[in-house]
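Here is the structure we will look at, set down as structure tokens.
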Amino acid sequence: MNRRDFLTVGKPKKKLPAQKKTSQIVSPARTLSGINPYTGPWGTNEVIHLLKRTMFGAKKADVDYFTSRTMNQAVDELLNPTAPDPLPPVKEYTTSTQPGTPDANIAQGTTWVNDINNDGTVQAQRRASYKKWWTGVMINQDRSIREKMTFLLVDNFGNESNEVGFANLIYKQQTTIRQDCLGNYKQMVKDLTLDMAMLRYLNGYLNTATAPDENYARELQELFTVGKGPDSKYTEADVKEAAKVLTGWQVNLNTYQTVFNPARHSTVAKTFSSFYNNTVIPGRTGATAGDLELNDLLNMIFAQHEVAKYIVRKFYRWFVYYEIDAATEANVITPLADIFRSNNYEIKPVLNALFKSEHFYDVLNQNCIIKSPVDIVIGSMREYNVNMPLASDWNTSYGHWNTLYAFMFLMGLDLHDPPNVAGMPAYYQEPSFHEIWITTDSLPKRNQYTDIMTSTGYLRNGFRMQFDFVAYAKTLTNPGNPNDLVDEALKYLYRMTISPQVKQQMKTQMLLSGQQYDYYWTNAWSAYIANPTVANFNIVNVRLRDLFRYLMNLSEYQLS
């Protein structure tokens, strides 16, 4: 299928069942490029491609910044964030402040993340607060891959916040993922195995010697490590034995801490199949039994080569393309998996090799991924450099962030609430993968979002959140020339070449209002710059608004 054809084909909106089998390798090859270092041109096109895949949108200021670096310098900076972690969410919701009522001890505008509170209503308000806050964090991301990795890995581990219930635990889980996202994947798996939200979501806190619960043991192997590829041949018995290893861990909701209870731990020896080389994990007793056996379990699992291949395939689908054919498996997946294993499952060396490879910049791997709702909403906010309230005005900020979160939800993505433990279907469901983002329901929602932000925007507490195309045009090199303006806008917003005839039509209909001569726009722009009255502003603003609304309503805008 042509990568754009499906945008005109209606698809029913539905939740697809989890399909955990790795996509079959197919032929013929899309491209034979591999992970040899990229030696081609390094300019605006390549920088935009890199940023749109590693961040949410490619802001012109960021593009200019990284264009002044070499490719190696740019990738190194993206993979080595120096900015501090974002400040935690605050109490922006309204509750009673009377003594003895839930949440009364947390003042408005102060963080709730360390406050132990088991009231269901308060926790529901905090979950909503968390999603607003996360929206703001992504808008205000630093020049690194950290926020994109956090988003993707939160999805990878597939916890539904509504099922977990406790926003404090969900926030803590995301903090763990953010801290681990460019570190060691094996350590991340261990940290999340003992994470309170994970223990609640996959019933780890109910897993006892007398009644082993297999939920987490199954997903640990099926979704988080070895996967279900053709070379992943663990057995049902392996799931049962792993469940015994993981017995004894509990959640203390009075302290928000994970605890190990030796009395609930299975002390029998755990024997695994030939896939795991018939490994036997000896049963242990005492306070350290849980940690010791968990280490043995992870050492056994991560000794399997399929772990590296399975996780690298996920990285590939997130950052490059959804289809993995035989050539890609041989030329990209396998060598990257070797790098992953040889570096003891450190994430950064894999991403470093990928983002500096000829394959990543291969023209066939550009303009081929459908933007997720986050890329549409957050990406547009960042690319148009939308003016937002001061950080100190938390009430207005959270209100606007909630509006943006709501649009992502309407487009089919609920932050930290995937439909099931497999995460969002667009990242794993074959054969459609990213095409799932586009339905007869979600595509109009995308257009509705950009139309509203183009016209009226959203007003809260006297602050209007809106695309400002006049301000955006001022950042371009030569906005007074309508040809240069259209060319440069397309360069930043689209990832494909538009024919001269189509660009001429855009210019004539939008910027020239049907006139034939370029000076019709040039004179209007020059008059506004020389004398920025309301009347002069309105003349150029209306034409720019029409141009950019048109650009964002075309199918090409949906591709990254």
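Identifiers for the structure tokens are assigned positionally: chains receive A, B, ... in sequence, residues are indexed from 1 per chain, and ligands are indexed from 1 in the order shown.
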*Find the residues around Asp195 in chain A up to 9 Å (only C-alpha atoms counted), leave out those fewer than 2 positions away in its own chain, and share them as a list of chain:residue names.*
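Returned residues: A:Leu169, A:Lys172, A:Gln173, A:Thr176, A:Lys190, A:Asp191, A:Leu192, A:Thr193, A:Ala197, A:Met198, A:Leu199, A:Arg200, A:Gln257, A:Thr258.
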Got time to write the residues from that selection, N, CA and C atoms, as a PDB file, in the first residue's frame?
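Writing the result to part.pdb gives the following:
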```
ATOM      1  N   LEU A 169       1.610   6.490  42.648  1.00  0.00           N
ATOM      2  CA  LEU A 169       2.389   5.350  42.169  1.00  0.00           C
ATOM      3  C   LEU A 169       2.676   5.473  40.671  1.00  0.00           C
ATOM      4  N   LYS A 172       5.417   7.946  40.279  1.00  0.00           N
ATOM      5  CA  LYS A 172       6.690   7.333  40.687  1.00  0.00           C
ATOM      6  C   LYS A 172       7.196   6.389  39.595  1.00  0.00           C
ATOM      7  N   GLN A 173       6.292   5.644  38.972  1.00  0.00           N
ATOM      8  CA  GLN A 173       6.700   4.747  37.893  1.00  0.00           C
ATOM      9  C   GLN A 173       7.288   5.529  36.729  1.00  0.00           C
ATOM     10  N   THR A 176      10.749   6.672  37.499  1.00  0.00           N
ATOM     11  CA  THR A 176      11.702   5.573  37.354  1.00  0.00           C
ATOM     12  C   THR A 176      12.067   5.368  35.890  1.00  0.00           C
ATOM     13  N   LYS A 190      14.329  -4.688  36.124  1.00  0.00           N
ATOM     14  CA  LYS A 190      14.337  -5.025  37.544  1.00  0.00           C
ATOM     15  C   LYS A 190      13.607  -3.967  38.368  1.00  0.00           C
ATOM     16  N   ASP A 191      13.901  -2.693  38.082  1.00  0.00           N
ATOM     17  CA  ASP A 191      13.252  -1.615  38.830  1.00  0.00           C
ATOM     18  C   ASP A 191      11.741  -1.671  38.673  1.00  0.00           C
ATOM     19  N   LEU A 192      11.277  -1.967  37.468  1.00  0.00           N
ATOM     20  CA  LEU A 192       9.834  -1.983  37.237  1.00  0.00           C
ATOM     21  C   LEU A 192       9.183  -3.272  37.718  1.00  0.00           C
ATOM     22  N   THR A 193       9.959  -4.336  37.828  1.00  0.00           N
ATOM     23  CA  THR A 193       9.426  -5.560  38.435  1.00  0.00           C
ATOM     24  C   THR A 193       9.003  -5.299  39.868  1.00  0.00           C
ATOM     25  N   ALA A 197       3.327   0.384  41.127  1.00  0.00           N
ATOM     26  CA  ALA A 197       2.248   0.404  40.137  1.00  0.00           C
ATOM     27  C   ALA A 197       2.212  -0.912  39.364  1.00  0.00           C
ATOM     28  N   MET A 198       3.381  -1.426  38.987  1.00  0.00           N
ATOM     29  CA  MET A 198       3.445  -2.697  38.264  1.00  0.00           C
ATOM     30  C   MET A 198       2.950  -3.843  39.139  1.00  0.00           C
ATOM     31  N   LEU A 199       3.341  -3.847  40.402  1.00  0.00           N
ATOM     32  CA  LEU A 199       2.899  -4.910  41.313  1.00  0.00           C
ATOM     33  C   LEU A 199       1.386  -4.913  41.458  1.00  0.00           C
ATOM     34  N   ARG A 200       0.784  -3.729  41.457  1.00  0.00           N
ATOM     35  CA  ARG A 200      -0.673  -3.656  41.538  1.00  0.00           C
ATOM     36  C   ARG A 200      -1.325  -4.052  40.211  1.00  0.00           C
ATOM     37  N   GLN A 257       5.422   1.972  49.650  1.00  0.00           N
ATOM     38  CA  GLN A 257       6.698   1.291  49.462  1.00  0.00           C
ATOM     39  C   GLN A 257       6.463  -0.172  49.083  1.00  0.00           C
ATOM     40  N   THR A 258       7.410  -0.711  48.316  1.00  0.00           N
ATOM     41  CA  THR A 258       7.420  -2.135  48.014  1.00  0.00           C
ATOM     42  C   THR A 258       8.132  -2.869  49.144  1.00  0.00           C
TER      43      THR A 258
END
```
*For Ile145 in chain A, please output as a count of residues only all residues within 10 Å (counting only C-alpha atoms; exclusion window: fewer than 3 positions along the same chain).*
18
*asked:* Just want the 12 Å neighbourhood of Met300 in chain A, counted on only C-alpha atoms, with same-chain residues fewer than 3 positions away dropped. Output as a PyMOL selection string.
replied: chain A and resi 186+221+225-226+234+238+242+270-281+293-297+303-305+307
Could those selected residues go to a file with N, CA and C atoms, as a JSON list (two decimals), in the first residue's frame?
```
[["chain", "number", "residue", "atom", "x", "y", "z"],
["A", 186, "LYS", "N", 18.19, -3.79, 31.36],
["A", 186, "LYS", "CA", 18.03, -4.87, 32.34],
["A", 186, "LYS", "C", 17.73, -4.30, 33.72],
["A", 221, "GLN", "N", 8.19, -12.07, 30.24],
["A", 221, "GLN", "CA", 8.83, -12.76, 29.13],
["A", 221, "GLN", "C", 8.20, -12.40, 27.78],
["A", 225, "THR", "N", 10.76, -8.81, 27.57],
["A", 225, "THR", "CA", 12.12, -9.32, 27.36],
["A", 225, "THR", "C", 12.25, -10.18, 26.10],
["A", 226, "VAL", "N", 11.91, -11.48, 26.16],
["A", 226, "VAL", "CA", 12.20, -12.36, 25.02],
["A", 226, "VAL", "C", 11.16, -12.30, 23.93],
["A", 234, "TYR", "N", 10.35, -20.19, 25.00],
["A", 234, "TYR", "CA", 10.08, -20.51, 26.39],
["A", 234, "TYR", "C", 8.73, -21.20, 26.47],
["A", 238, "ASP", "N", 7.81, -22.54, 32.04],
["A", 238, "ASP", "CA", 8.73, -21.45, 32.40],
["A", 238, "ASP", "C", 7.97, -20.30, 33.04],
["A", 242, "ALA", "N", 8.72, -19.04, 36.81],
["A", 242, "ALA", "CA", 9.08, -17.64, 37.04],
["A", 242, "ALA", "C", 8.12, -17.02, 38.06],
["A", 270, "LYS", "N", 13.35, -23.80, 41.45],
["A", 270, "LYS", "CA", 12.58, -23.51, 40.23],
["A", 270, "LYS", "C", 13.38, -24.00, 39.02],
["A", 271, "THR", "N", 12.81, -24.94, 38.27],
["A", 271, "THR", "CA", 13.50, -25.56, 37.15],
["A", 271, "THR", "C", 12.91, -25.10, 35.83],
["A", 272, "PHE", "N", 13.76, -24.61, 34.94],
["A", 272, "PHE", "CA", 13.31, -24.04, 33.67],
["A", 272, "PHE", "C", 13.64, -24.97, 32.50],
["A", 273, "SER", "N", 13.06, -24.67, 31.35],
["A", 273, "SER", "CA", 13.14, -25.54, 30.18],
["A", 273, "SER", "C", 14.49, -25.44, 29.48],
["A", 274, "SER", "N", 14.63, -26.21, 28.41],
["A", 274, "SER", "CA", 15.87, -26.20, 27.62],
["A", 274, "SER", "C", 16.09, -24.85, 26.96],
["A", 275, "PHE", "N", 15.03, -24.09, 26.72],
["A", 275, "PHE", "CA", 15.21, -22.75, 26.17],
["A", 275, "PHE", "C", 16.09, -21.91, 27.07],
["A", 276, "TYR", "N", 15.96, -22.13, 28.35],
["A", 276, "TYR", "CA", 16.79, -21.44, 29.35],
["A", 276, "TYR", "C", 17.91, -22.35, 29.87],
["A", 277, "ASN", "N", 18.31, -23.30, 29.02],
["A", 277, "ASN", "CA", 19.44, -24.20, 29.34],
["A", 277, "ASN", "C", 19.20, -25.01, 30.60],
["A", 278, "ASN", "N", 17.93, -25.36, 30.85],
["A", 278, "ASN", "CA", 17.54, -26.17, 32.00],
["A", 278, "ASN", "C", 18.04, -25.58, 33.33],
["A", 279, "THR", "N", 18.07, -24.26, 33.39],
["A", 279, "THR", "CA", 18.55, -23.56, 34.59],
["A", 279, "THR", "C", 17.69, -23.91, 35.79],
["A", 280, "VAL", "N", 18.34, -24.07, 36.92],
["A", 280, "VAL", "CA", 17.63, -24.28, 38.19],
["A", 280, "VAL", "C", 17.97, -23.12, 39.11],
["A", 281, "ILE", "N", 16.94, -22.40, 39.53],
["A", 281, "ILE", "CA", 17.12, -21.32, 40.50],
["A", 281, "ILE", "C", 16.80, -21.88, 41.87],
["A", 293, "GLU", "N", 16.71, -14.26, 44.13],
["A", 293, "GLU", "CA", 16.07, -15.07, 43.09],
["A", 293, "GLU", "C", 15.67, -14.21, 41.89],
["A", 294, "LEU", "N", 15.28, -12.97, 42.13],
["A", 294, "LEU", "CA", 14.96, -12.08, 41.02],
["A", 294, "LEU", "C", 16.21, -11.84, 40.17],
["A", 295, "ASN", "N", 17.35, -11.63, 40.81],
["A", 295, "ASN", "CA", 18.59, -11.46, 40.05],
["A", 295, "ASN", "C", 18.91, -12.69, 39.21],
["A", 296, "ASP", "N", 18.72, -13.86, 39.80],
["A", 296, "ASP", "CA", 18.95, -15.10, 39.05],
["A", 296, "ASP", "C", 18.02, -15.20, 37.85],
["A", 297, "LEU", "N", 16.77, -14.84, 38.06],
["A", 297, "LEU", "CA", 15.78, -14.93, 36.99],
["A", 297, "LEU", "C", 16.14, -13.99, 35.84],
["A", 303, "ALA", "N", 20.32, -13.73, 29.35],
["A", 303, "ALA", "CA", 21.36, -14.52, 28.67],
["A", 303, "ALA", "C", 20.88, -14.99, 27.30],
["A", 304, "GLN", "N", 19.57, -14.89, 27.04],
["A", 304, "GLN", "CA", 19.01, -15.31, 25.76],
["A", 304, "GLN", "C", 19.19, -14.20, 24.72],
["A", 305, "HIS", "N", 19.73, -14.57, 23.57],
["A", 305, "HIS", "CA", 19.98, -13.59, 22.52],
["A", 305, "HIS", "C", 18.69, -12.93, 22.03],
["A", 307, "VAL", "N", 16.33, -11.62, 23.61],
["A", 307, "VAL", "CA", 15.96, -10.40, 24.33],
["A", 307, "VAL", "C", 16.44, -9.18, 23.55]]
```
*Pick from A:Pro373, A:Arg382, A:Tyr458, A:Asn162: nearest to Leu443 in chain A, with only C-alpha atoms counted?*
A:Pro373
*Quick one: distance from CA of Pro532 in chain A to CA of Val470 in chain A in Å, one decimal?*
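Rounded to one decimal, the two atoms are 10.9 Å apart.
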Report as JSON lines the residues of range 119-199 of chain A within 7 Å of range 383-404 of chain A, each with its shortest atom pair and distance in Å (one decimal), using only C-alpha atoms, ordered by chain and increasing residue number.
```
{"residue": "A:Lys132", "atom": "CA", "partner": "A:Asn402", "partner_atom": "CA", "distance": 5.0}
{"residue": "A:Trp133", "atom": "CA", "partner": "A:Tyr398", "partner_atom": "CA", "distance": 6.8}
{"residue": "A:Thr135", "atom": "CA", "partner": "A:Trp401", "partner_atom": "CA", "distance": 5.8}
{"residue": "A:Gly136", "atom": "CA", "partner": "A:Trp401", "partner_atom": "CA", "distance": 5.9}
```
*With only C-alpha atoms as the atoms that count, which of A:Val332, A:Val540, A:Ala308, A:Leu559 lies nearest to Glu435 in chain A?*
A:Leu559
_Considering only helix (DSSP H, G or I) as DSSP defines it on the backbone, what residues of range 228-403 of chain A qualify? List them as a ChimeraX atom specification._
/A:236-245,262-264,274-276,289-302,305-319,326-342,347-355,363-365,373-383,394-403
*Of the candidates A:Ala473, A:Leu152, A:Val374, A:Leu493, which shows the shortest atom-to-atom distance to Leu544 in chain A, using only C-alpha atoms?*
A:Ala473
*Given the choices A:Ala406, A:Ala237, A:Leu246, A:Met138, which gets closest to Asn207 in chain A if the distance is worked out from only C-alpha atoms?*
A:Leu246
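With CA of Thr522 in chain A on one side and CA of Gln505 in chain A on the other, the separation reads 16.9 Å.
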*For Ser68 in chain A, please output as a ChimeraX atom specification all residues within 12 Å (counting only C-alpha atoms; exclusion window: fewer than 5 positions along the same chain).*
/A:42-44,47,61-63,73-74
Can you write out the residues you just picked, keeping C-alpha atoms, as a compact mmCIF listing (two decimals), in the first residue's frame?
```
# COMPACT_ATOMS: atom_id res chain seq x y z
CA TRP A 42 24.09 16.89 6.82
CA GLY A 43 21.72 19.79 6.48
CA THR A 44 18.28 21.03 7.41
CA VAL A 47 18.27 17.51 11.13
CA ALA A 61 15.13 27.12 16.83
CA ASP A 62 16.14 23.52 17.54
CA VAL A 63 16.72 22.82 13.85
CA GLN A 73 27.62 16.16 17.91
CA ALA A 74 23.86 16.41 17.39
```
*asked:* For Asn168 in chain A, find every residue with an atom within 10 Å (counting only C-alpha atoms), except residues of its own chain fewer than 3 positions away, and show them as a PyMOL selection string.
replied: chain A and resi 112-117+123+126-127+130+165+171-173+196-197+256
*Please give the complete set of residues from range 252-411 of chain A that DSSP, run on the backbone, assigns to strand (DSSP E or B), formatted as a VMD selection string.*
chain A and resid 252 257 to 260 270 to 271 280 to 281 325 346 357 370
*Proximity to Gly423 in chain A - best of A:Lys371, A:Arg341, A:Lys314, A:Lys240, only C-alpha atoms*: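 Between A:Lys371, A:Arg341, A:Lys314, A:Lys240, the residue approaching Gly423 in chain A most closely is A:Lys314.
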